[in-house]
Amino acid sequence: MRAEPAPSVSPDTASAADPRPAVSRRDFLKAGTTVGAGLTIAFYLPPAMVRRLARSPDPATLAPNGWVHIGADGVVTVTVDKSEMGQGVTTAYPMLVAEELEVDPATVRLADTPENPAAWVRRMGTGGSSSVRSSYDLLRKAGATGRLMLIAAAAGEWGVAPDACHADAGYVVHSASGRRLAYGALVAKAATLPVPSDPPLKRPEEFRVLGRRVPRRDTPLKVNGSARFGIDTRVPGMLYASIERAPAFGGTVRRVDDARARAMPGVRRVSVVDWSADESRAARAGAGVAVVADHYWQALTARRALTVDWAPGAGAPLETETLRERFAGLAQQPGVRARAVGDAAGALASAARTIEAVYEVPYLAHAPMEPMNCTAHVRPDGCDVWVSTQGQTAAQQVAAQVAGLRPEQVRVHTTYLGGGFGRRSETDFVAEAVRLSRETGAPVQVIWTREDDIRHDFYRPTTYNRFRAGLDANGVLSAWSHHIVGASISLSKHRELENGIDGSLVEGAANLPYAIPNILVEQTAVDLAIPCGYWRSVGSSHNAYVTECFFDEVAHAAAKDPYELRRGLLRDQPRHLGVLDEAAERAGWGKPLAAGRSRGIAVAEAFGSYVAEVAEISLTDDGKCRVHRVVCVVDCGPTVNPDTIEAQMQGGIVYGLSAALYGDITIDGGRVRQGNFNDYPVLRMNEMPHVEVFIRPSREKQGGIGEPGVPPIAPAVCNAILSATGSPVRRLPIVRSGKSGIAMK
Amino acid sequence: MSAFTVTVNGRAHAVDVAPDTPLLWVIRDHLDLTGTKFGCGMALCGACTVHLDGAPVRSCSVPIAAAAGKRVTTIEGLAGDVGHRLQEAWIAEEVPQCGYCQSGQIMSAAALLARTPRPTDADIDAALSGNICRCGTYQRIRRAIHRAARPEVSDAR
């Protein structure tokens, strides 16, 4: 930590022009300098996610990338690199600072995300359910540092010892006399004082802010239409663009007849959008033909008047059914070992009984409510980009590459995100806007249609899972063999694997929590021309479904209660067991249900948090599944805003349930068949189950909250169907399995 | 291009656009009222819901020619007792997550309460099922509508 002058406009612009002095980590944590208009505590936040290819920063060059500023007016501003996409970071971060600084969280605001990611030590981005857990201690330490410095300033003023004073709601109070000074009156002096090297943090029982429901800062803006999303960006002289994209993956433009489009009102430019190999690698954008016009409707109308002759690309031969066959063949061959415990093959060979099954999941689109869009203005000396993004650094790099500028010449203006879910960590839409602005010389806003979004996403991978389990002579689960054949995010993004493994393909499967003496988890990662990306909860989104459903099949075969069988095999996993037991109890597991109802249970750890869900369902005569009630218990360690945790669990359940019931991206001639919410349906109000969320008090290691609600819902629902019908649901979505006959037992 | 006059939030505006231009894009691009959102373009998601002569419509699928001469109310113009009660209830129940769909949700809810001041759950299902929320705020939307309809009985959270 160090105190330093308040940044002039925003910290990044200051550091872009005037790079902050490099200091060693050791010095950095101790360094304390200077004065300014207010007290600024600077700190360093390490990279949050180390998924792969993450470069560890050189400790010799650590520069601050977070600031807490206390102004002379008492207003506290936190500047960090996070995007708000509904997960509540604009409320959670101020809460962390407010707790230790001893101020009302309502007086703390999160500043706009800094505009120059190039001056940032870590890659700017928001994802991996990481915002709070990566910053929990650091933001509190920043607050505590400020509190101690303000107390020291007041103590000096009064000529008393600092420990004769305490902080209270934005004031320093002399405990004996009751004299008080507002923080704002102390900041100038405090900024001249030494920075405490290791400020003590409060004990949880002293918390007054953390763990309490605090009103979200962004709610008022989101009930009157004033919150600005990327698509709401308005720049003087701005043009709008719509792009007709190659229908099959990898397709390119052979010839375009744009005579009609060019003659239409408002049309400024029609251009073929193609990419150099470097651009294509960085942005992963597809080819197309863009129409730029004065207004969006004009651009879209003219786009529809284009006649394009497409050259088929690498994706053209791909079909969902032939992919399934190919995956099935690969599943018969050995895969790369992701985890091996004991001797699964031997235990299977000697098992008294074996259970085999194949589970499949489809590709899924993200479909956030705000369609992809970006506004860019390229000038000879720089570029502005306004975008709802989860990845500012990537956006800046791609924009610089396409504009022919240096990264620091690109300013990335982060707006509210109309949903992220992983889709907005990509940069294809940024590349498009920058390119069209460069070509026209004007600010350009590219807006995707919903069909563009569904058909040109970075999909949740499709997987094919071959399971074998063995029961020994006593009916004990002695062997578990799971071969995952799947499309690979790592291959799609980076064209390579680390040690032959795509970690995101096996997460939630290789870490199977059950105490089974012989476990083999294998992986075959397949490189296809269908782009894949991170989809809320990533590998756990499919692996919790396949493993937890196959587990229930095993319980069924062993004539054991699936909850009781889990209990026994989770004996060494207290956090799994804790959420499982509480969910079972709260849902009334084992108690009678109304006629036609059944229950299913599932538990999963994802992103460091543990979640169990019990779904209560019924089946209609035509085989449709109706989910009535979901009990959800989460152990995420220390909590920040319980209301946000509850909201994220509710939201994760809806997101996962939409996918389980309906989500299905199918490929025909290398093209996605679906296009909008009519053929890619999602859960609606009339299908919403009653969701009850319970947060377990926990001082265990803190986990994330944005994603872990998703994984257990699909298996909980499918296990309820197994319970009702005796037939497992081995392929998602349920609605398709339903056509082949979900029937009551 | 043709000239149309449309009254939005009580103000008459003349716009010169193609007759098939959806009301949504007139509101957003020509009148610069960005609270009304684009989500699907096919009246499937409800993000673009506005009131046309008091009735909820999906503005992405109403050509300007069909809205000319009529009264349009957008989220920015939502006023009166029902509107304010809804917005307060939305805040009290902490409904929004990303918030993108919420203008449309609130406009649908306002139209519901205008004709059914004390809606049942079934009434809410019927009136709100055309509004998609990918963040999954449906349960809170339902609570907020009940709260707005019966402020005197709303429980403390």
# chains A, B, ... in the order shown; residues from 1 in each chain; ligands from 1
>>> select_by_dssp(residues="range 361-429 of chain A", states="alpha helix (DSSP H)", output="ChimeraX atom specification")
/A:392-403,428-429
>>> interface_residues(of="chain A", to="chain B", cutoff="6 Å", atoms="only C-alpha atoms", output="PyMOL selection string")
chain A and resi 85-86+222-225+232+369+418-419+450+651+654+684-686
>>> atom_distance(atom1="CA of Val554 in chain A", atom2="CA of Ala345 in chain A")
17.2 Å
>>> closest_residue(among="B:Met107, B:Pro19, B:Ala67, B:Arg150", to="Cys48 in chain B", atoms="only C-alpha atoms")
B:Met107
>>> closest_residue(among="A:Thr233, A:Thr639, A:Ser276, A:Ser425", to="Trp386 in chain A", atoms="only C-alpha atoms")
A:Thr233
>>> residues_around(residues="Gly288 in chain A", least_positions_apart="6", cutoff="9 Å", atoms="only C-alpha atoms", output="list in words")
Ile243, Glu244, Arg245, Ala246, Pro247, Gly251, Thr252, Val253, Ser271, Val272, Val273 and Asp274 of chain A
>>> write_last_selection(atoms="all heavy atoms", output="tab-separated table (two decimals), in the first residue's frame")
chain	number	residue	atom	x	y	z
A	243	ILE	N	-23.97	-6.22	-40.08
A	243	ILE	CA	-23.07	-7.07	-40.88
A	243	ILE	C	-23.75	-8.39	-41.22
A	243	ILE	O	-24.21	-9.11	-40.32
A	243	ILE	CB	-21.75	-7.34	-40.12
A	243	ILE	CG1	-21.05	-6.02	-39.79
A	243	ILE	CG2	-20.83	-8.25	-40.94
A	243	ILE	CD1	-19.77	-6.17	-38.96
A	244	GLU	N	-23.79	-8.69	-42.49
A	244	GLU	CA	-24.25	-10.01	-42.94
A	244	GLU	C	-23.06	-10.94	-42.82
A	244	GLU	O	-22.01	-10.72	-43.43
A	244	GLU	CB	-24.74	-9.92	-44.39
A	244	GLU	CG	-25.24	-11.23	-44.97
A	244	GLU	CD	-26.59	-11.67	-44.41
A	244	GLU	OE1	-27.23	-10.86	-43.72
A	244	GLU	OE2	-26.96	-12.83	-44.65
A	245	ARG	N	-23.21	-11.96	-41.99
A	245	ARG	CA	-22.06	-12.82	-41.68
A	245	ARG	C	-22.12	-14.14	-42.44
A	245	ARG	O	-23.21	-14.65	-42.71
A	245	ARG	CB	-22.01	-13.08	-40.18
A	245	ARG	CG	-21.75	-11.82	-39.39
A	245	ARG	CD	-21.76	-12.04	-37.90
A	245	ARG	NE	-21.22	-10.85	-37.24
A	245	ARG	CZ	-21.89	-9.73	-37.06
A	245	ARG	NH1	-23.14	-9.64	-37.47
A	245	ARG	NH2	-21.32	-8.69	-36.49
A	246	ALA	N	-20.96	-14.68	-42.71
A	246	ALA	CA	-20.89	-15.96	-43.41
A	246	ALA	C	-21.72	-16.98	-42.63
A	246	ALA	O	-21.49	-17.18	-41.44
A	246	ALA	CB	-19.44	-16.44	-43.51
A	247	PRO	N	-22.70	-17.60	-43.29
A	247	PRO	CA	-23.60	-18.47	-42.54
A	247	PRO	C	-22.91	-19.70	-41.95
A	247	PRO	O	-23.26	-20.13	-40.85
A	247	PRO	CB	-24.67	-18.87	-43.56
A	247	PRO	CG	-24.11	-18.52	-44.89
A	247	PRO	CD	-23.10	-17.44	-44.69
A	251	GLY	N	-16.59	-19.54	-43.30
A	251	GLY	CA	-16.92	-19.12	-44.67
A	251	GLY	C	-16.34	-17.75	-44.99
A	251	GLY	O	-16.06	-16.95	-44.09
A	252	THR	N	-16.15	-17.50	-46.28
A	252	THR	CA	-15.64	-16.19	-46.71
A	252	THR	C	-16.49	-15.68	-47.88
A	252	THR	O	-17.27	-16.43	-48.47
A	252	THR	CB	-14.16	-16.29	-47.16
A	252	THR	OG1	-14.04	-17.36	-48.10
A	252	THR	CG2	-13.24	-16.55	-45.97
A	253	VAL	N	-16.28	-14.41	-48.18
A	253	VAL	CA	-17.07	-13.78	-49.25
A	253	VAL	C	-16.41	-14.06	-50.58
A	253	VAL	O	-15.24	-13.72	-50.79
A	253	VAL	CB	-17.15	-12.26	-49.01
A	253	VAL	CG1	-17.93	-11.59	-50.15
A	253	VAL	CG2	-17.78	-11.96	-47.66
A	271	SER	N	-19.03	-2.72	-47.30
A	271	SER	CA	-17.67	-3.23	-47.46
A	271	SER	C	-17.57	-4.68	-47.01
A	271	SER	O	-18.29	-5.11	-46.10
A	271	SER	CB	-16.66	-2.37	-46.72
A	271	SER	OG	-16.98	-2.31	-45.35
A	272	VAL	N	-16.69	-5.39	-47.69
A	272	VAL	CA	-16.43	-6.76	-47.29
A	272	VAL	C	-15.58	-6.73	-46.03
A	272	VAL	O	-14.59	-6.00	-45.95
A	272	VAL	CB	-15.69	-7.52	-48.42
A	272	VAL	CG1	-15.21	-8.89	-47.93
A	272	VAL	CG2	-16.62	-7.67	-49.63
A	273	VAL	N	-16.01	-7.49	-45.05
A	273	VAL	CA	-15.25	-7.59	-43.80
A	273	VAL	C	-14.48	-8.91	-43.82
A	273	VAL	O	-15.07	-9.98	-43.74
A	273	VAL	CB	-16.20	-7.55	-42.59
A	273	VAL	CG1	-15.41	-7.70	-41.30
A	273	VAL	CG2	-17.01	-6.27	-42.57
A	274	ASP	N	-13.20	-8.81	-44.02
A	274	ASP	CA	-12.37	-10.02	-43.91
A	274	ASP	C	-11.20	-9.66	-43.00
A	274	ASP	O	-10.99	-8.49	-42.67
A	274	ASP	CB	-11.91	-10.53	-45.27
A	274	ASP	CG	-11.27	-9.42	-46.10
A	274	ASP	OD1	-11.00	-8.33	-45.52
A	274	ASP	OD2	-11.04	-9.61	-47.29
>>> atom_distance(atom1="CA of Glu319 in chain A", atom2="CA of Ala285 in chain A")
21.5 Å
>>> residues_around(residues="Asp428 in chain A", least_positions_apart="3", cutoff="9 Å", atoms="only C-alpha atoms", output="PDB file with all heavy atoms, in the first residue's frame")
ATOM      1  N   SER A 280      -7.464 -12.263 -37.229  1.00  0.00           N
ATOM      2  CA  SER A 280      -8.396 -13.357 -37.052  1.00  0.00           C
ATOM      3  C   SER A 280      -8.035 -14.171 -35.808  1.00  0.00           C
ATOM      4  O   SER A 280      -8.900 -14.604 -35.058  1.00  0.00           O
ATOM      5  CB  SER A 280      -8.381 -14.200 -38.314  1.00  0.00           C
ATOM      6  OG  SER A 280      -8.955 -15.425 -38.093  1.00  0.00           O
ATOM      7  N   ALA A 282      -6.475 -12.997 -33.190  1.00  0.00           N
ATOM      8  CA  ALA A 282      -6.698 -12.201 -31.989  1.00  0.00           C
ATOM      9  C   ALA A 282      -8.187 -12.020 -31.691  1.00  0.00           C
ATOM     10  O   ALA A 282      -8.628 -12.192 -30.559  1.00  0.00           O
ATOM     11  CB  ALA A 282      -6.027 -10.843 -32.128  1.00  0.00           C
ATOM     12  N   ALA A 283      -8.944 -11.663 -32.714  1.00  0.00           N
ATOM     13  CA  ALA A 283     -10.335 -11.284 -32.468  1.00  0.00           C
ATOM     14  C   ALA A 283     -11.300 -12.432 -32.680  1.00  0.00           C
ATOM     15  O   ALA A 283     -12.433 -12.378 -32.212  1.00  0.00           O
ATOM     16  CB  ALA A 283     -10.724 -10.118 -33.370  1.00  0.00           C
ATOM     17  N   ARG A 284     -10.885 -13.463 -33.378  1.00  0.00           N
ATOM     18  CA  ARG A 284     -11.756 -14.584 -33.697  1.00  0.00           C
ATOM     19  C   ARG A 284     -13.056 -14.122 -34.363  1.00  0.00           C
ATOM     20  O   ARG A 284     -14.142 -14.653 -34.083  1.00  0.00           O
ATOM     21  CB  ARG A 284     -12.055 -15.419 -32.447  1.00  0.00           C
ATOM     22  CG  ARG A 284     -10.801 -16.014 -31.820  1.00  0.00           C
ATOM     23  CD  ARG A 284     -11.087 -17.336 -31.153  1.00  0.00           C
ATOM     24  NE  ARG A 284     -11.814 -17.218 -29.916  1.00  0.00           N
ATOM     25  CZ  ARG A 284     -12.490 -18.210 -29.344  1.00  0.00           C
ATOM     26  NH1 ARG A 284     -12.556 -19.383 -29.941  1.00  0.00           N
ATOM     27  NH2 ARG A 284     -13.100 -18.055 -28.201  1.00  0.00           N
ATOM     28  N   ALA A 285     -12.958 -13.109 -35.194  1.00  0.00           N
ATOM     29  CA  ALA A 285     -14.146 -12.600 -35.868  1.00  0.00           C
ATOM     30  C   ALA A 285     -14.313 -13.314 -37.201  1.00  0.00           C
ATOM     31  O   ALA A 285     -13.338 -13.691 -37.837  1.00  0.00           O
ATOM     32  CB  ALA A 285     -14.022 -11.098 -36.085  1.00  0.00           C
ATOM     33  N   GLY A 286     -15.547 -13.461 -37.618  1.00  0.00           N
ATOM     34  CA  GLY A 286     -15.838 -14.112 -38.886  1.00  0.00           C
ATOM     35  C   GLY A 286     -15.948 -13.105 -40.016  1.00  0.00           C
ATOM     36  O   GLY A 286     -16.001 -11.897 -39.797  1.00  0.00           O
ATOM     37  N   ALA A 395      -9.896  -6.163 -25.431  1.00  0.00           N
ATOM     38  CA  ALA A 395     -10.573  -5.226 -26.333  1.00  0.00           C
ATOM     39  C   ALA A 395      -9.601  -4.166 -26.829  1.00  0.00           C
ATOM     40  O   ALA A 395      -9.572  -3.824 -28.021  1.00  0.00           O
ATOM     41  CB  ALA A 395     -11.762  -4.578 -25.616  1.00  0.00           C
ATOM     42  N   VAL A 398      -7.029  -5.726 -29.344  1.00  0.00           N
ATOM     43  CA  VAL A 398      -7.627  -5.999 -30.657  1.00  0.00           C
ATOM     44  C   VAL A 398      -7.921  -4.689 -31.390  1.00  0.00           C
ATOM     45  O   VAL A 398      -7.661  -4.549 -32.588  1.00  0.00           O
ATOM     46  CB  VAL A 398      -8.891  -6.863 -30.487  1.00  0.00           C
ATOM     47  CG1 VAL A 398      -9.791  -6.770 -31.711  1.00  0.00           C
ATOM     48  CG2 VAL A 398      -8.493  -8.316 -30.207  1.00  0.00           C
ATOM     49  N   ALA A 431     -13.494  -5.672 -32.843  1.00  0.00           N
ATOM     50  CA  ALA A 431     -12.728  -5.604 -34.093  1.00  0.00           C
ATOM     51  C   ALA A 431     -13.587  -5.041 -35.225  1.00  0.00           C
ATOM     52  O   ALA A 431     -13.126  -4.219 -36.022  1.00  0.00           O
ATOM     53  CB  ALA A 431     -12.209  -6.996 -34.454  1.00  0.00           C
ATOM     54  N   GLU A 432     -14.840  -5.472 -35.264  1.00  0.00           N
ATOM     55  CA  GLU A 432     -15.730  -5.020 -36.353  1.00  0.00           C
ATOM     56  C   GLU A 432     -15.959  -3.508 -36.293  1.00  0.00           C
ATOM     57  O   GLU A 432     -15.871  -2.812 -37.312  1.00  0.00           O
ATOM     58  CB  GLU A 432     -17.071  -5.747 -36.253  1.00  0.00           C
ATOM     59  CG  GLU A 432     -16.972  -7.229 -36.593  1.00  0.00           C
ATOM     60  CD  GLU A 432     -18.246  -8.001 -36.285  1.00  0.00           C
ATOM     61  OE1 GLU A 432     -19.150  -7.449 -35.636  1.00  0.00           O
ATOM     62  OE2 GLU A 432     -18.320  -9.179 -36.691  1.00  0.00           O
ATOM     63  N   ALA A 433     -16.281  -3.009 -35.106  1.00  0.00           N
ATOM     64  CA  ALA A 433     -16.573  -1.580 -34.986  1.00  0.00           C
ATOM     65  C   ALA A 433     -15.345  -0.745 -35.323  1.00  0.00           C
ATOM     66  O   ALA A 433     -15.433   0.272 -36.016  1.00  0.00           O
ATOM     67  CB  ALA A 433     -17.065  -1.264 -33.574  1.00  0.00           C
TER      68      ALA A 433
END
>>> select_by_dssp(residues="range 44-142 of chain B", states="strand (DSSP E or B)", output="PyMOL selection string")
chain B and resi 49-52+55-58+63+71-73
>>> closest_residue(among="B:Leu31, B:Leu23, B:Ala149, B:Leu52", to="Arg11 in chain B", atoms="only C-alpha atoms")
B:Leu31
>>> residues_around(residues="Ala595 in chain A", least_positions_apart="6", cutoff="12 Å", atoms="only C-alpha atoms", output="list in words")
Glu616, Ile617, Ser618, Leu619, Ala724 and Met744 of chain A
>>> write_last_selection(atoms="N, CA, C and O atoms", output="PDB file, in the first residue's frame")
ATOM      1  N   GLU A 616     -37.949 -30.003  -7.261  1.00  0.00           N
ATOM      2  CA  GLU A 616     -39.219 -30.724  -7.150  1.00  0.00           C
ATOM      3  C   GLU A 616     -39.975 -30.508  -8.449  1.00  0.00           C
ATOM      4  O   GLU A 616     -40.211 -29.368  -8.848  1.00  0.00           O
ATOM      5  N   ILE A 617     -40.317 -31.614  -9.109  1.00  0.00           N
ATOM      6  CA  ILE A 617     -40.875 -31.505 -10.468  1.00  0.00           C
ATOM      7  C   ILE A 617     -42.157 -32.332 -10.607  1.00  0.00           C
ATOM      8  O   ILE A 617     -42.474 -33.178  -9.773  1.00  0.00           O
ATOM      9  N   SER A 618     -42.846 -32.073 -11.710  1.00  0.00           N
ATOM     10  CA  SER A 618     -43.890 -33.001 -12.152  1.00  0.00           C
ATOM     11  C   SER A 618     -43.781 -33.101 -13.662  1.00  0.00           C
ATOM     12  O   SER A 618     -43.143 -32.265 -14.308  1.00  0.00           O
ATOM     13  N   LEU A 619     -44.358 -34.160 -14.202  1.00  0.00           N
ATOM     14  CA  LEU A 619     -44.323 -34.362 -15.648  1.00  0.00           C
ATOM     15  C   LEU A 619     -45.740 -34.313 -16.185  1.00  0.00           C
ATOM     16  O   LEU A 619     -46.657 -34.884 -15.583  1.00  0.00           O
ATOM     17  N   ALA A 724     -38.992 -40.191 -10.931  1.00  0.00           N
ATOM     18  CA  ALA A 724     -40.403 -40.297 -11.307  1.00  0.00           C
ATOM     19  C   ALA A 724     -40.654 -41.436 -12.282  1.00  0.00           C
ATOM     20  O   ALA A 724     -41.704 -42.082 -12.230  1.00  0.00           O
ATOM     21  N   MET A 744     -44.412 -41.469 -16.757  1.00  0.00           N
ATOM     22  CA  MET A 744     -44.458 -41.718 -15.317  1.00  0.00           C
ATOM     23  C   MET A 744     -44.294 -43.202 -15.052  1.00  0.00           C
ATOM     24  O   MET A 744     -44.772 -44.042 -15.802  1.00  0.00           O
TER      25      MET A 744
END
>>> residues_around(residues="Asp643 in chain A", least_positions_apart="3", cutoff="10 Å", atoms="only C-alpha atoms", output="ChimeraX atom specification")
/A:88,211-216,639-640,646-649 /B:93-94
>>> write_last_selection(atoms="N, CA, C and O atoms", output="CSV table (one decimal), in the first residue's frame")
chain,number,residue,atom,x,y,z
A,88,GLY,N,-23.1,-7.5,-9.3
A,88,GLY,CA,-23.1,-6.7,-8.0
A,88,GLY,C,-21.7,-6.1,-7.6
A,88,GLY,O,-21.6,-5.7,-6.4
A,211,GLY,N,-21.6,-9.0,5.1
A,211,GLY,CA,-22.6,-10.0,5.5
A,211,GLY,C,-24.0,-9.5,5.8
A,211,GLY,O,-24.9,-10.2,6.2
A,212,ARG,N,-24.1,-8.2,5.5
A,212,ARG,CA,-25.5,-7.5,5.6
A,212,ARG,C,-26.0,-7.2,4.2
A,212,ARG,O,-25.2,-6.9,3.3
A,213,ARG,N,-27.3,-7.2,4.1
A,213,ARG,CA,-27.9,-6.8,2.8
A,213,ARG,C,-27.8,-5.3,2.7
A,213,ARG,O,-28.3,-4.5,3.5
A,214,VAL,N,-27.0,-4.9,1.6
A,214,VAL,CA,-26.8,-3.5,1.3
A,214,VAL,C,-27.4,-3.2,0.0
A,214,VAL,O,-27.3,-4.0,-1.0
A,215,PRO,N,-28.2,-2.1,-0.1
A,215,PRO,CA,-28.8,-1.8,-1.4
A,215,PRO,C,-27.8,-1.7,-2.6
A,215,PRO,O,-26.8,-1.1,-2.4
A,216,ARG,N,-28.2,-2.3,-3.7
A,216,ARG,CA,-27.3,-2.2,-4.8
A,216,ARG,C,-27.2,-0.8,-5.4
A,216,ARG,O,-28.2,-0.1,-5.5
A,639,THR,N,-19.2,-14.0,3.5
A,639,THR,CA,-20.1,-13.3,2.5
A,639,THR,C,-19.8,-11.8,2.5
A,639,THR,O,-19.3,-11.3,3.5
A,640,VAL,N,-20.2,-11.2,1.4
A,640,VAL,CA,-20.2,-9.8,1.3
A,640,VAL,C,-21.6,-9.2,1.4
A,640,VAL,O,-22.0,-8.7,2.4
A,646,GLU,N,-27.9,-14.4,-3.0
A,646,GLU,CA,-29.2,-15.0,-3.3
A,646,GLU,C,-29.6,-14.7,-4.7
A,646,GLU,O,-30.1,-15.6,-5.4
A,647,ALA,N,-29.4,-13.5,-5.2
A,647,ALA,CA,-29.8,-13.2,-6.6
A,647,ALA,C,-29.0,-14.0,-7.6
A,647,ALA,O,-29.5,-14.5,-8.6
A,648,GLN,N,-27.7,-14.2,-7.3
A,648,GLN,CA,-26.9,-14.9,-8.2
A,648,GLN,C,-27.2,-16.4,-8.2
A,648,GLN,O,-27.1,-17.1,-9.3
A,649,MET,N,-27.7,-16.9,-7.1
A,649,MET,CA,-28.1,-18.3,-7.1
A,649,MET,C,-29.4,-18.4,-7.8
A,649,MET,O,-29.6,-19.4,-8.7
B,93,GLU,N,-37.3,-4.6,-3.8
B,93,GLU,CA,-37.1,-6.0,-4.0
B,93,GLU,C,-35.7,-6.3,-4.6
B,93,GLU,O,-35.4,-7.4,-4.9
B,94,GLU,N,-34.9,-5.2,-4.9
B,94,GLU,CA,-33.6,-5.4,-5.5
B,94,GLU,C,-33.8,-6.3,-6.8
B,94,GLU,O,-33.1,-7.3,-6.9
>>> decode(residues="range 596-614 of chain A", atoms="N, CA and C atoms", output="PDB file, in the first residue's frame")
ATOM      1  N   GLY A 596     -47.918 -36.951  -8.081  1.00  0.00           N
ATOM      2  CA  GLY A 596     -47.343 -36.524  -9.354  1.00  0.00           C
ATOM      3  C   GLY A 596     -46.037 -35.771  -9.215  1.00  0.00           C
ATOM      4  N   ARG A 597     -45.616 -35.488  -7.974  1.00  0.00           N
ATOM      5  CA  ARG A 597     -44.357 -34.752  -7.785  1.00  0.00           C
ATOM      6  C   ARG A 597     -43.214 -35.719  -7.485  1.00  0.00           C
ATOM      7  N   SER A 598     -42.023 -35.323  -7.869  1.00  0.00           N
ATOM      8  CA  SER A 598     -40.839 -36.090  -7.461  1.00  0.00           C
ATOM      9  C   SER A 598     -39.689 -35.125  -7.206  1.00  0.00           C
ATOM     10  N   ARG A 599     -38.661 -35.639  -6.523  1.00  0.00           N
ATOM     11  CA  ARG A 599     -37.523 -34.805  -6.167  1.00  0.00           C
ATOM     12  C   ARG A 599     -36.235 -35.379  -6.733  1.00  0.00           C
ATOM     13  N   GLY A 600     -35.289 -34.485  -6.981  1.00  0.00           N
ATOM     14  CA  GLY A 600     -33.942 -34.904  -7.338  1.00  0.00           C
ATOM     15  C   GLY A 600     -32.947 -34.003  -6.633  1.00  0.00           C
ATOM     16  N   ILE A 601     -31.784 -34.563  -6.376  1.00  0.00           N
ATOM     17  CA  ILE A 601     -30.771 -33.799  -5.635  1.00  0.00           C
ATOM     18  C   ILE A 601     -29.451 -33.838  -6.393  1.00  0.00           C
ATOM     19  N   ALA A 602     -28.668 -32.782  -6.261  1.00  0.00           N
ATOM     20  CA  ALA A 602     -27.330 -32.760  -6.859  1.00  0.00           C
ATOM     21  C   ALA A 602     -26.472 -31.780  -6.077  1.00  0.00           C
ATOM     22  N   VAL A 603     -25.173 -32.027  -6.102  1.00  0.00           N
ATOM     23  CA  VAL A 603     -24.238 -31.154  -5.391  1.00  0.00           C
ATOM     24  C   VAL A 603     -23.008 -30.959  -6.274  1.00  0.00           C
ATOM     25  N   ALA A 604     -22.441 -29.768  -6.223  1.00  0.00           N
ATOM     26  CA  ALA A 604     -21.236 -29.511  -7.016  1.00  0.00           C
ATOM     27  C   ALA A 604     -20.435 -28.387  -6.390  1.00  0.00           C
ATOM     28  N   GLU A 605     -19.138 -28.495  -6.531  1.00  0.00           N
ATOM     29  CA  GLU A 605     -18.242 -27.389  -6.210  1.00  0.00           C
ATOM     30  C   GLU A 605     -17.851 -26.752  -7.535  1.00  0.00           C
ATOM     31  N   ALA A 606     -17.901 -25.445  -7.588  1.00  0.00           N
ATOM     32  CA  ALA A 606     -17.416 -24.735  -8.776  1.00  0.00           C
ATOM     33  C   ALA A 606     -16.894 -23.381  -8.331  1.00  0.00           C
ATOM     34  N   PHE A 607     -15.746 -22.982  -8.842  1.00  0.00           N
ATOM     35  CA  PHE A 607     -15.153 -21.680  -8.542  1.00  0.00           C
ATOM     36  C   PHE A 607     -15.019 -21.460  -7.033  1.00  0.00           C
ATOM     37  N   GLY A 608     -14.733 -22.568  -6.334  1.00  0.00           N
ATOM     38  CA  GLY A 608     -14.451 -22.463  -4.914  1.00  0.00           C
ATOM     39  C   GLY A 608     -15.672 -22.425  -4.016  1.00  0.00           C
ATOM     40  N   SER A 609     -16.864 -22.460  -4.589  1.00  0.00           N
ATOM     41  CA  SER A 609     -18.078 -22.476  -3.770  1.00  0.00           C
ATOM     42  C   SER A 609     -18.794 -23.812  -3.924  1.00  0.00           C
ATOM     43  N   TYR A 610     -19.538 -24.168  -2.894  1.00  0.00           N
ATOM     44  CA  TYR A 610     -20.191 -25.476  -2.812  1.00  0.00           C
ATOM     45  C   TYR A 610     -21.691 -25.249  -2.818  1.00  0.00           C
ATOM     46  N   VAL A 611     -22.384 -25.909  -3.736  1.00  0.00           N
ATOM     47  CA  VAL A 611     -23.817 -25.680  -3.875  1.00  0.00           C
ATOM     48  C   VAL A 611     -24.539 -27.013  -4.013  1.00  0.00           C
ATOM     49  N   ALA A 612     -25.590 -27.192  -3.221  1.00  0.00           N
ATOM     50  CA  ALA A 612     -26.489 -28.336  -3.402  1.00  0.00           C
ATOM     51  C   ALA A 612     -27.864 -27.802  -3.747  1.00  0.00           C
ATOM     52  N   GLU A 613     -28.532 -28.490  -4.657  1.00  0.00           N
ATOM     53  CA  GLU A 613     -29.880 -28.077  -5.041  1.00  0.00           C
ATOM     54  C   GLU A 613     -30.795 -29.296  -5.062  1.00  0.00           C
ATOM     55  N   VAL A 614     -32.008 -29.099  -4.573  1.00  0.00           N
ATOM     56  CA  VAL A 614     -33.050 -30.131  -4.663  1.00  0.00           C
ATOM     57  C   VAL A 614     -34.171 -29.547  -5.511  1.00  0.00           C
TER      58      VAL A 614
END
